[in-house]
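Shown here: protein.cif, mmCIF, C-alpha atoms.
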data_start
loop_
_atom_site.label_atom_id
_atom_site.label_comp_id
_atom_site.auth_asym_id
_atom_site.auth_seq_id
_atom_site.Cartn_x
_atom_site.Cartn_y
_atom_site.Cartn_z
CA MET A 3 8.12 4.26 21.30
CA LYS A 4 8.80 1.52 18.76
CA HIS A 5 6.67 3.37 16.20
CA LEU A 6 8.78 6.50 16.70
CA ILE A 7 11.91 4.41 16.13
CA ILE A 8 10.50 2.98 12.88
CA PHE A 9 9.60 6.48 11.68
CA LEU A 10 13.03 7.87 12.53
CA LEU A 11 14.71 5.00 10.69
CA LEU A 12 12.65 5.74 7.58
CA ILE A 13 13.53 9.43 7.72
CA SER A 14 17.20 8.60 8.32
CA PHE A 15 17.28 6.21 5.36
CA TYR A 16 15.63 8.78 3.16
CA THR A 17 17.66 11.84 4.09
CA GLN A 18 20.94 9.95 3.79
CA GLY A 19 20.13 8.94 0.24
CA GLN A 20 18.70 12.25 -0.96
CA SER A 21 20.08 15.76 -1.12
CA VAL A 22 18.18 18.61 0.56
CA ILE A 23 16.57 20.72 -2.11
CA ASN A 24 14.65 23.89 -1.31
CA ASP A 25 11.47 24.86 -3.13
CA SER A 26 11.05 27.99 -5.18
CA ILE A 27 7.80 28.65 -3.24
CA ASP A 28 8.65 31.01 -0.40
CA THR A 29 6.36 30.25 2.53
CA ARG A 30 5.45 27.01 4.22
CA TRP A 31 1.78 27.99 4.12
CA GLU A 32 1.93 28.21 0.32
CA MET A 33 3.67 24.86 0.25
CA PHE A 34 1.04 23.35 2.55
CA THR A 35 -1.95 24.59 0.55
CA TYR A 36 -0.32 23.46 -2.70
CA ASP A 37 0.39 20.03 -1.24
CA MET A 38 -3.15 19.62 0.11
CA GLY A 39 -4.44 20.41 -3.36
CA SER A 40 -2.05 17.79 -4.75
CA ILE A 41 -3.40 15.20 -2.31
CA PHE A 42 -7.04 15.74 -3.23
CA LYS A 43 -6.34 16.01 -6.94
CA GLY A 44 -4.16 12.90 -6.75
CA ILE A 45 -6.99 10.94 -5.13
CA GLY A 46 -9.40 12.15 -7.81
CA HIS A 47 -6.90 11.24 -10.51
CA SER A 48 -6.57 7.67 -9.22
CA TYR A 49 -10.34 7.15 -9.36
CA THR A 50 -10.77 8.60 -12.85
CA ARG A 51 -7.83 6.80 -14.50
CA PRO A 52 -9.96 3.79 -15.58
CA LEU A 53 -11.80 6.20 -17.89
CA HIS A 54 -8.51 6.63 -19.78
CA TRP A 55 -7.25 3.06 -19.70
CA GLN A 56 -6.03 1.49 -22.92
CA GLY A 57 -5.42 -2.11 -23.93
CA LYS A 58 -2.36 -2.69 -21.76
CA ASP A 59 -4.08 -1.25 -18.69
CA TRP A 60 -7.07 -3.54 -19.11
CA GLY A 61 -4.64 -6.39 -19.63
CA ASN A 62 -3.03 -5.63 -16.24
CA LEU A 63 -6.48 -5.66 -14.66
CA GLY A 64 -7.13 -9.03 -16.27
CA TYR A 65 -3.87 -10.41 -14.89
CA THR A 66 -4.79 -9.13 -11.44
CA MET A 67 -8.22 -10.72 -11.49
CA GLY A 68 -6.85 -13.94 -12.96
CA GLY A 69 -4.08 -14.14 -10.38
CA THR A 70 -6.53 -13.47 -7.54
CA ALA A 71 -8.83 -16.20 -8.85
CA ILE A 72 -5.96 -18.70 -8.97
CA ILE A 73 -4.90 -17.84 -5.42
CA TYR A 74 -8.53 -18.20 -4.33
CA LEU A 75 -8.25 -21.92 -5.09
CA VAL A 76 -5.67 -22.42 -2.31
CA ASP A 77 -7.18 -20.05 0.27
CA THR A 78 -8.30 -22.77 2.68
CA PRO A 79 -5.06 -24.79 3.07
CA VAL A 80 -2.97 -21.61 3.22
CA SER A 81 -5.22 -20.18 5.93
CA ASP A 82 -5.09 -23.40 7.93
CA TYR A 83 -1.31 -23.41 7.77
CA PHE A 84 -0.80 -19.82 8.89
CA VAL A 85 -3.37 -19.96 11.68
CA GLY A 86 -1.58 -23.09 12.88
CA ILE A 87 1.78 -21.36 13.21
CA LYS A 88 0.49 -18.22 14.97
CA GLN A 89 1.88 -19.21 18.36
CA ASP A 90 5.30 -19.81 16.80
CA VAL A 91 5.54 -16.21 15.60
CA PRO A 92 7.40 -13.90 18.03
CA GLU A 93 5.02 -11.56 19.83
CA VAL A 94 6.95 -8.46 18.79
CA ILE A 95 6.40 -9.35 15.12
CA ARG A 96 2.71 -10.06 15.72
CA ASP A 97 2.28 -6.71 17.46
CA TYR A 98 4.13 -4.88 14.71
CA GLY A 99 2.04 -6.62 12.04
CA PHE A 100 -1.20 -5.56 13.68
CA GLU A 101 -0.32 -2.01 14.64
CA TYR A 102 1.64 -0.77 11.62
CA GLY A 103 -1.13 -1.78 9.22
CA SER A 104 -3.82 0.08 11.19
CA PRO A 105 -5.05 3.48 9.92
CA THR A 106 -3.96 5.30 13.08
CA TYR A 107 -0.30 4.33 12.89
CA ASN A 108 -0.29 4.50 9.13
CA TYR A 109 -1.19 8.17 9.16
CA MET A 110 1.24 8.83 12.00
CA VAL A 111 4.07 7.67 9.74
CA THR A 112 2.82 9.27 6.52
CA GLY A 113 1.95 12.53 8.26
CA GLY A 114 5.34 12.54 9.95
CA VAL A 115 7.13 12.19 6.62
CA TYR A 116 5.16 15.07 5.15
CA VAL A 117 5.54 17.40 8.15
CA THR A 118 9.30 16.77 8.19
CA GLY A 119 9.54 17.72 4.53
CA LEU A 120 7.46 20.83 5.11
CA VAL A 121 9.52 21.97 8.11
CA ILE A 122 12.87 21.61 6.37
CA LYS A 123 11.46 22.74 2.99
CA ASN A 124 12.56 19.59 1.21
CA GLU A 125 10.48 19.03 -1.90
CA LYS A 126 11.31 15.34 -2.19
CA LEU A 127 10.14 14.61 1.34
CA ARG A 128 7.05 16.76 0.85
CA ARG A 129 6.23 14.98 -2.38
CA THR A 130 6.80 11.61 -0.71
CA GLY A 131 4.43 12.60 2.09
CA VAL A 132 1.84 13.71 -0.43
CA LEU A 133 2.21 10.42 -2.31
CA LEU A 134 1.88 8.41 0.90
CA ILE A 135 -1.18 10.27 2.19
CA ALA A 136 -2.98 10.40 -1.16
CA SER A 137 -2.29 6.74 -1.95
CA ALA A 138 -3.34 5.49 1.50
CA SER A 139 -6.52 7.58 1.40
CA SER A 140 -7.46 6.52 -2.12
CA ALA A 141 -6.75 2.81 -1.63
CA GLY A 142 -8.19 2.85 1.89
CA LEU A 143 -11.53 4.25 0.75
CA LEU A 144 -11.68 1.78 -2.13
CA GLN A 145 -11.08 -1.19 0.17
CA GLN A 146 -13.84 -0.04 2.53
CA ILE A 147 -16.28 0.11 -0.37
CA LEU A 148 -15.21 -3.30 -1.67
CA LYS A 149 -15.40 -4.91 1.79
CA SER A 150 -18.93 -3.68 2.30
CA ALA A 151 -20.07 -4.61 -1.21
CA VAL A 152 -18.50 -8.09 -1.33
CA GLY A 153 -19.22 -9.13 2.27
CA ARG A 154 -16.83 -12.06 2.35
CA ALA A 155 -16.57 -14.09 5.57
CA ARG A 156 -13.29 -13.97 7.46
CA PRO A 157 -11.48 -17.23 8.24
CA LEU A 158 -11.98 -16.71 11.99
CA SER A 159 -15.75 -16.61 11.48
CA GLY A 160 -15.73 -20.37 11.01
CA LYS A 161 -17.34 -20.00 7.58
CA SER A 162 -15.81 -21.30 4.36
CA LYS A 163 -13.92 -19.16 1.88
CA ASP A 164 -16.99 -19.31 -0.37
CA THR A 165 -19.33 -17.62 2.14
CA PHE A 166 -20.49 -14.13 1.18
CA ASN A 167 -23.00 -11.64 2.54
CA PRO A 168 -23.04 -8.95 -0.18
CA PHE A 169 -23.63 -5.34 0.77
CA TRP A 170 -22.32 -5.81 4.29
CA SER A 171 -24.97 -5.24 6.97
CA GLY A 172 -22.67 -4.51 9.91
CA ASP A 173 -21.17 -7.84 10.96
CA LYS A 174 -17.38 -7.47 10.78
CA ASN A 175 -17.04 -11.22 10.30
CA TYR A 176 -18.14 -10.45 6.73
CA HIS A 177 -15.57 -7.75 6.08
CA SER A 178 -12.69 -9.74 4.61
CA PHE A 179 -12.16 -8.88 0.94
CA PRO A 180 -9.69 -7.20 0.39
CA SER A 181 -7.26 -6.74 3.30
CA GLY A 182 -7.03 -3.19 4.62
CA HIS A 183 -3.85 -3.85 6.61
CA ALA A 184 -2.16 -5.21 3.48
CA ILE A 185 -3.25 -2.18 1.47
CA LEU A 186 -2.03 0.44 3.94
CA ALA A 187 1.28 -1.28 4.74
CA MET A 188 2.19 -2.09 1.15
CA THR A 189 1.10 1.34 -0.07
CA ASN A 190 3.66 2.85 2.30
CA ALA A 191 6.32 0.31 1.39
CA HIS A 192 5.93 0.75 -2.37
CA ALA A 193 5.77 4.56 -2.20
CA ILE A 194 8.99 4.71 -0.18
CA ALA A 195 10.91 1.84 -1.80
CA LYS A 196 10.36 3.04 -5.37
CA GLN A 197 12.50 6.09 -4.62
CA PHE A 198 15.62 3.99 -4.04
CA SER A 199 17.70 2.16 -6.61
CA ASN A 200 19.65 0.03 -4.11
CA VAL A 201 18.13 -3.46 -4.16
CA TRP A 202 19.00 -4.16 -0.52
CA VAL A 203 17.29 -1.00 0.69
CA LYS A 204 14.24 -1.87 -1.40
CA THR A 205 14.20 -5.41 -0.05
CA GLY A 206 14.34 -4.19 3.54
CA ILE A 207 11.48 -1.74 3.03
CA TYR A 208 9.28 -4.30 1.28
CA THR A 209 10.05 -6.82 4.01
CA LEU A 210 8.83 -4.42 6.68
CA GLY A 211 5.74 -3.69 4.58
CA SER A 212 4.93 -7.35 4.01
CA ILE A 213 4.74 -8.29 7.71
CA PRO A 214 1.37 -6.57 8.35
CA ALA A 215 -0.01 -8.22 5.21
CA ILE A 216 1.16 -11.69 6.23
CA SER A 217 0.02 -11.12 9.81
CA ARG A 218 -3.59 -11.07 8.64
CA LEU A 219 -3.19 -14.72 7.64
CA TRP A 220 -1.97 -16.06 11.00
CA GLU A 221 -4.54 -13.89 12.80
CA GLY A 222 -7.32 -15.50 10.76
CA LYS A 223 -8.56 -12.07 9.64
CA HIS A 224 -8.09 -12.58 5.91
CA TRP A 225 -7.63 -15.19 3.21
CA LEU A 226 -4.57 -15.18 0.97
CA SER A 227 -6.57 -13.84 -1.99
CA ASP A 228 -7.73 -10.91 0.19
CA VAL A 229 -4.10 -10.05 0.88
CA ALA A 230 -2.97 -10.55 -2.73
CA LEU A 231 -5.62 -8.22 -4.11
CA GLY A 232 -4.76 -5.68 -1.43
CA VAL A 233 -1.13 -5.67 -2.55
CA ALA A 234 -2.15 -5.23 -6.20
CA ILE A 235 -4.46 -2.33 -5.31
CA SER A 236 -1.59 -0.69 -3.42
CA ILE A 237 0.77 -0.90 -6.38
CA PHE A 238 -1.76 0.33 -8.91
CA THR A 239 -2.76 3.26 -6.69
CA VAL A 240 0.77 4.40 -5.88
CA GLU A 241 1.87 4.19 -9.52
CA SER A 242 -1.16 6.15 -10.72
CA ILE A 243 -0.79 8.97 -8.20
CA ASP A 244 2.99 9.08 -8.59
CA ARG A 245 2.66 9.67 -12.32
CA TYR A 246 0.16 12.44 -11.64
CA LEU A 247 2.51 14.12 -9.15
CA ASP A 248 5.18 14.25 -11.86
CA SER A 249 3.11 17.06 -13.39
CA ARG A 250 2.96 19.03 -10.13
CA TYR A 251 6.46 18.75 -8.70
CA ASP A 252 9.89 19.41 -10.17
CA GLU A 253 11.50 16.61 -8.18
CA LYS A 254 11.10 13.18 -9.77
CA TYR A 255 12.75 9.90 -8.87
CA ASN A 256 13.47 6.65 -10.65
CA ASP A 257 11.48 7.78 -13.66
CA HIS A 258 12.86 4.92 -15.75
CA ASN A 259 11.39 2.39 -13.30
CA LYS A 260 7.77 3.50 -13.62
CA LYS A 261 6.65 0.39 -15.45
CA LEU A 262 4.66 -2.62 -14.37
CA ALA A 263 5.16 -6.14 -15.71
CA TRP A 264 2.97 -9.12 -14.86
CA ASN A 265 3.79 -12.80 -15.27
CA LEU A 266 1.72 -15.87 -14.51
CA SER A 267 3.84 -18.94 -13.73
CA PHE A 268 2.82 -22.57 -13.63
CA GLY A 269 4.71 -25.64 -12.49
CA PRO A 270 4.20 -29.05 -10.91
CA GLY A 271 1.99 -28.46 -7.89
CA GLN A 272 2.31 -24.67 -7.99
CA VAL A 273 0.89 -21.56 -9.58
CA GLY A 274 1.99 -17.99 -9.12
CA LEU A 275 1.53 -14.34 -10.10
CA GLN A 276 4.68 -12.21 -10.30
CA ILE A 277 4.57 -8.42 -10.37
CA GLN A 278 7.69 -6.56 -11.50
CA PHE A 279 7.98 -2.81 -10.91
#
What do you get writing this file as structure tokens?
Amino acid sequence: MKHLIIFLLLISFYTQGQSVINDSIDTRWEMFTYDMGSIFKGIGHSYTRPLHWQGKDWGNLGYTMGGTAIIYLVDTPVSDYFVGIKQDVPEVIRDYGFEYGSPTYNYMVTGGVYVTGLVIKNEKLRRTGVLLIASASSAGLLQQILKSAVGRARPLSGKSKDTFNPFWSGDKNYHSFPSGHAILAMTNAHAIAKQFSNVWVKTGIYTLGSIPAISRLWEGKHWLSDVALGVAISIFTVESIDRYLDSRYDEKYNDHNKKLAWNLSFGPGQVGLQIQF
């Protein structure tokens, strides 16, 4: 029931802020087949974009890897802290963090957004659903490949952050890097929030999306660097597919905001990676 409430709130937020615009395509079947083609082509586009990267794109990748490496240095104390406060976190938040970041509930929400747009023939909702499904599928497959290839031990395994079993053999205790829950939750949050210009609406959406990512820390399922890379993958994937969908749909949103800026910050006793989008 609580998942239905979350979904209805998202739809309510969206439809209140957007006008209903009908497509020029006549039938829902034509819309559906066109949208399915957009999903698969969007996924393919996200995987082939590195072949077209230029200097700035490789620079963003360098910032991502550098920021992940810096965060890696503090993985152990951060993990110890969050695992220690698990019992202080309200159960409803812990349940939400676990369930919303799972593939089952993720596709319930993303599929619900798309079906709603298809039923009412609203191109913006349809496009949002396509963006959500394509981004989650693309990033989700990538994280499965990375998890299996890297084979990093989870905190709850009792192993150190430096323990790896490359080319994962089947033990889920070595399935940590990156965080799948963080990827799915933040993919949804970024895809939805980027459509709004109101900072408070954006903040609320990103807050809801960040809970599943943070929950992996107090559950001992992932290290902070696992979560950080998952968030970066989410942003890169959504931005790539969103730009591709600009060529397939008339409805565009916040076009002037489709830029990424990265900043590394250093200070006494602290380091940080800031992503602006």
Can you list every residue of region 153-189 of chain A that has an atom at most 12 Å from region 239-244 of chain A, with its nearest atom pair and the distance in Å to one decimal, using all atoms listed in the file, ordered by chain then number, as CSV?
residue,atom,partner,partner_atom,distance
A:Ile185,CA,A:Thr239,CA,9.8
A:Leu186,CA,A:Val240,CA,11.0
A:Met188,CA,A:Val240,CA,9.7
A:Thr189,CA,A:Val240,CA,6.6
Using only C-alpha atoms, which protein or nucleic acid residues come within 9 Å of region 236-238 of chain A? Drop anything in the same chain fewer than 6 positions from it, and give the result as an NGL selection string. :A and (48 or 137-138 or 141 or 184-190 or 192-193 or 262 or 279)
Rounded to one decimal, what separation in Å do you get between CA of Val229 (chain A) and CA of Ala215 (chain A)?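 Atom-to-atom, CA of Val229 (chain A) and CA of Ala215 (chain A) are spaced 6.2 Å apart.
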Selection result for the PyMOL selection byres ((chain A and resi 164) around 10) on this file, as JSON, numbers by chain: {"A": [74, 77, 78, 154, 155, 161, 162, 163, 165, 166]}
Which value, in Å to one decimal, gives the distance between CA of Leu210 (chain A) and CA of Ile194 (chain A)?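 Answer for the CA of Leu210 (chain A) to CA of Ile194 (chain A) separation: 11.4 Å.
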Centre and edge lengths of an axis-aligned box around all listed atoms of region 130-148 of chain A, with 6 Å added on each side, are to be given in Å to one decimal, as JSON.
{"center_x": -4.7, "center_y": 5.2, "center_z": 0.1, "size_x": 35.1, "size_y": 29.0, "size_z": 16.8}
Report the distance between CA of Pro180 (chain A) and CA of Arg129 (chain A) in Å, rounded to one decimal place. 27.4 Å
So what does the PyMOL selection byres ((chain A and resi 84) around 9) actually pick up in this one, as a list in words?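 Output of the PyMOL selection byres ((chain A and resi 84) around 9): Pro79, Val80, Ser81, Asp82, Tyr83, Val85, Gly86, Ile87, Lys88, Ile216, Ser217, Leu219, Trp220, Glu221 and Gly222 of chain A.
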Next, write the just-selected residues to a file, as a PDB file, in the frame of the given file, keeping C-alpha atoms as the atom set.
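This went into part-v3.pdb:
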ATOM      1  CA  PRO A  79      -5.060 -24.790   3.070  1.00  0.00           C
ATOM      2  CA  VAL A  80      -2.970 -21.610   3.220  1.00  0.00           C
ATOM      3  CA  SER A  81      -5.220 -20.180   5.930  1.00  0.00           C
ATOM      4  CA  ASP A  82      -5.090 -23.400   7.930  1.00  0.00           C
ATOM      5  CA  TYR A  83      -1.310 -23.410   7.770  1.00  0.00           C
ATOM      6  CA  VAL A  85      -3.370 -19.960  11.680  1.00  0.00           C
ATOM      7  CA  GLY A  86      -1.580 -23.090  12.880  1.00  0.00           C
ATOM      8  CA  ILE A  87       1.780 -21.360  13.210  1.00  0.00           C
ATOM      9  CA  LYS A  88       0.490 -18.220  14.970  1.00  0.00           C
ATOM     10  CA  ILE A 216       1.160 -11.690   6.230  1.00  0.00           C
ATOM     11  CA  SER A 217       0.020 -11.120   9.810  1.00  0.00           C
ATOM     12  CA  LEU A 219      -3.190 -14.720   7.640  1.00  0.00           C
ATOM     13  CA  TRP A 220      -1.970 -16.060  11.000  1.00  0.00           C
ATOM     14  CA  GLU A 221      -4.540 -13.890  12.800  1.00  0.00           C
ATOM     15  CA  GLY A 222      -7.320 -15.500  10.760  1.00  0.00           C
TER      16      GLY A 222
END
I need the residue nearest Ala230 (chain A) from this list: A:Val94, A:Leu148, A:Leu133, A:Ala71. Use only C-alpha atoms for the distance. A:Ala71
Which is closest to Ile41 (chain A) among A:Tyr116, A:Phe169, A:Trp60, A:Phe198, if we use all atoms listed in the file? A:Tyr116
Which residue is closest to Ala136 (chain A)? Choose from A:Ile207, A:Leu63, A:Leu247, A:Ile95 and count all atoms listed in the file.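 Checking each candidate against Ala136 (chain A), we get A:Leu247 as the closest.
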Given all atoms listed in the file as the basis, pick out the residue of A:Trp202, A:Trp55, A:Tyr49, A:Trp225 nearest to Leu75 (chain A). A:Trp225
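Distances to Trp31 (chain A) were evaluated for A:Lys123, A:Lys196, A:Lys174, A:Arg156 using all atoms listed in the file, and the minimum falls at A:Lys123.
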Selected residue, from A:Asp90, A:Thr66, A:His183, A:Ser159, that lies nearest to Thr106 (chain A) when counting all atoms listed in the file: A:His183
Report the residues retrieved by the PyMOL selection byres ((chain A and resi 147) around 12) from the displayed file, expressed as a PyMOL selection string. chain A and resi 140-146+148-153+168-170+177-182
Please, could you write that set of residues out with C-alpha atoms as a compact mmCIF listing (two decimals), keeping the file's coordinate frame?
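Written out: part_25.txt:
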# COMPACT_ATOMS: atom_id res chain seq x y z
CA SER A 140 -7.46 6.52 -2.12
CA ALA A 141 -6.75 2.81 -1.63
CA GLY A 142 -8.19 2.85 1.89
CA LEU A 143 -11.53 4.25 0.75
CA LEU A 144 -11.68 1.78 -2.13
CA GLN A 145 -11.08 -1.19 0.17
CA GLN A 146 -13.84 -0.04 2.53
CA LEU A 148 -15.21 -3.30 -1.67
CA LYS A 149 -15.40 -4.91 1.79
CA SER A 150 -18.93 -3.68 2.30
CA ALA A 151 -20.07 -4.61 -1.21
CA VAL A 152 -18.50 -8.09 -1.33
CA GLY A 153 -19.22 -9.13 2.27
CA PRO A 168 -23.04 -8.95 -0.18
CA PHE A 169 -23.63 -5.34 0.77
CA TRP A 170 -22.32 -5.81 4.29
CA HIS A 177 -15.57 -7.75 6.08
CA SER A 178 -12.69 -9.74 4.61
CA PHE A 179 -12.16 -8.88 0.94
CA PRO A 180 -9.69 -7.20 0.39
CA SER A 181 -7.26 -6.74 3.30
CA GLY A 182 -7.03 -3.19 4.62
Report the closest atom pair, with its distance in Å rounded to one decimal, for each residue of region 96-171 of chain A that has an atom no farther than 12 Å from region 35-39 of chain A; count only C-alpha atoms, sort by chain and then rising residue number, and write it as a Markdown table.
| residue | atom | partner | partner_atom | distance |
| --- | --- | --- | --- | --- |
| A:Gly113 | CA | A:Met38 | CA | 11.9 |
| A:Tyr116 | CA | A:Asp37 | CA | 9.4 |
| A:Val117 | CA | A:Asp37 | CA | 11.0 |
| A:Gly119 | CA | A:Asp37 | CA | 11.1 |
| A:Leu120 | CA | A:Asp37 | CA | 9.5 |
| A:Glu125 | CA | A:Asp37 | CA | 10.2 |
| A:Lys126 | CA | A:Asp37 | CA | 11.9 |
| A:Leu127 | CA | A:Asp37 | CA | 11.4 |
| A:Arg128 | CA | A:Asp37 | CA | 7.7 |
| A:Arg129 | CA | A:Asp37 | CA | 7.8 |
| A:Thr130 | CA | A:Asp37 | CA | 10.6 |
| A:Gly131 | CA | A:Asp37 | CA | 9.1 |
| A:Val132 | CA | A:Asp37 | CA | 6.5 |
| A:Leu133 | CA | A:Asp37 | CA | 9.8 |
| A:Leu134 | CA | A:Asp37 | CA | 11.9 |
| A:Ile135 | CA | A:Met38 | CA | 9.8 |
| A:Ala136 | CA | A:Met38 | CA | 9.3 |
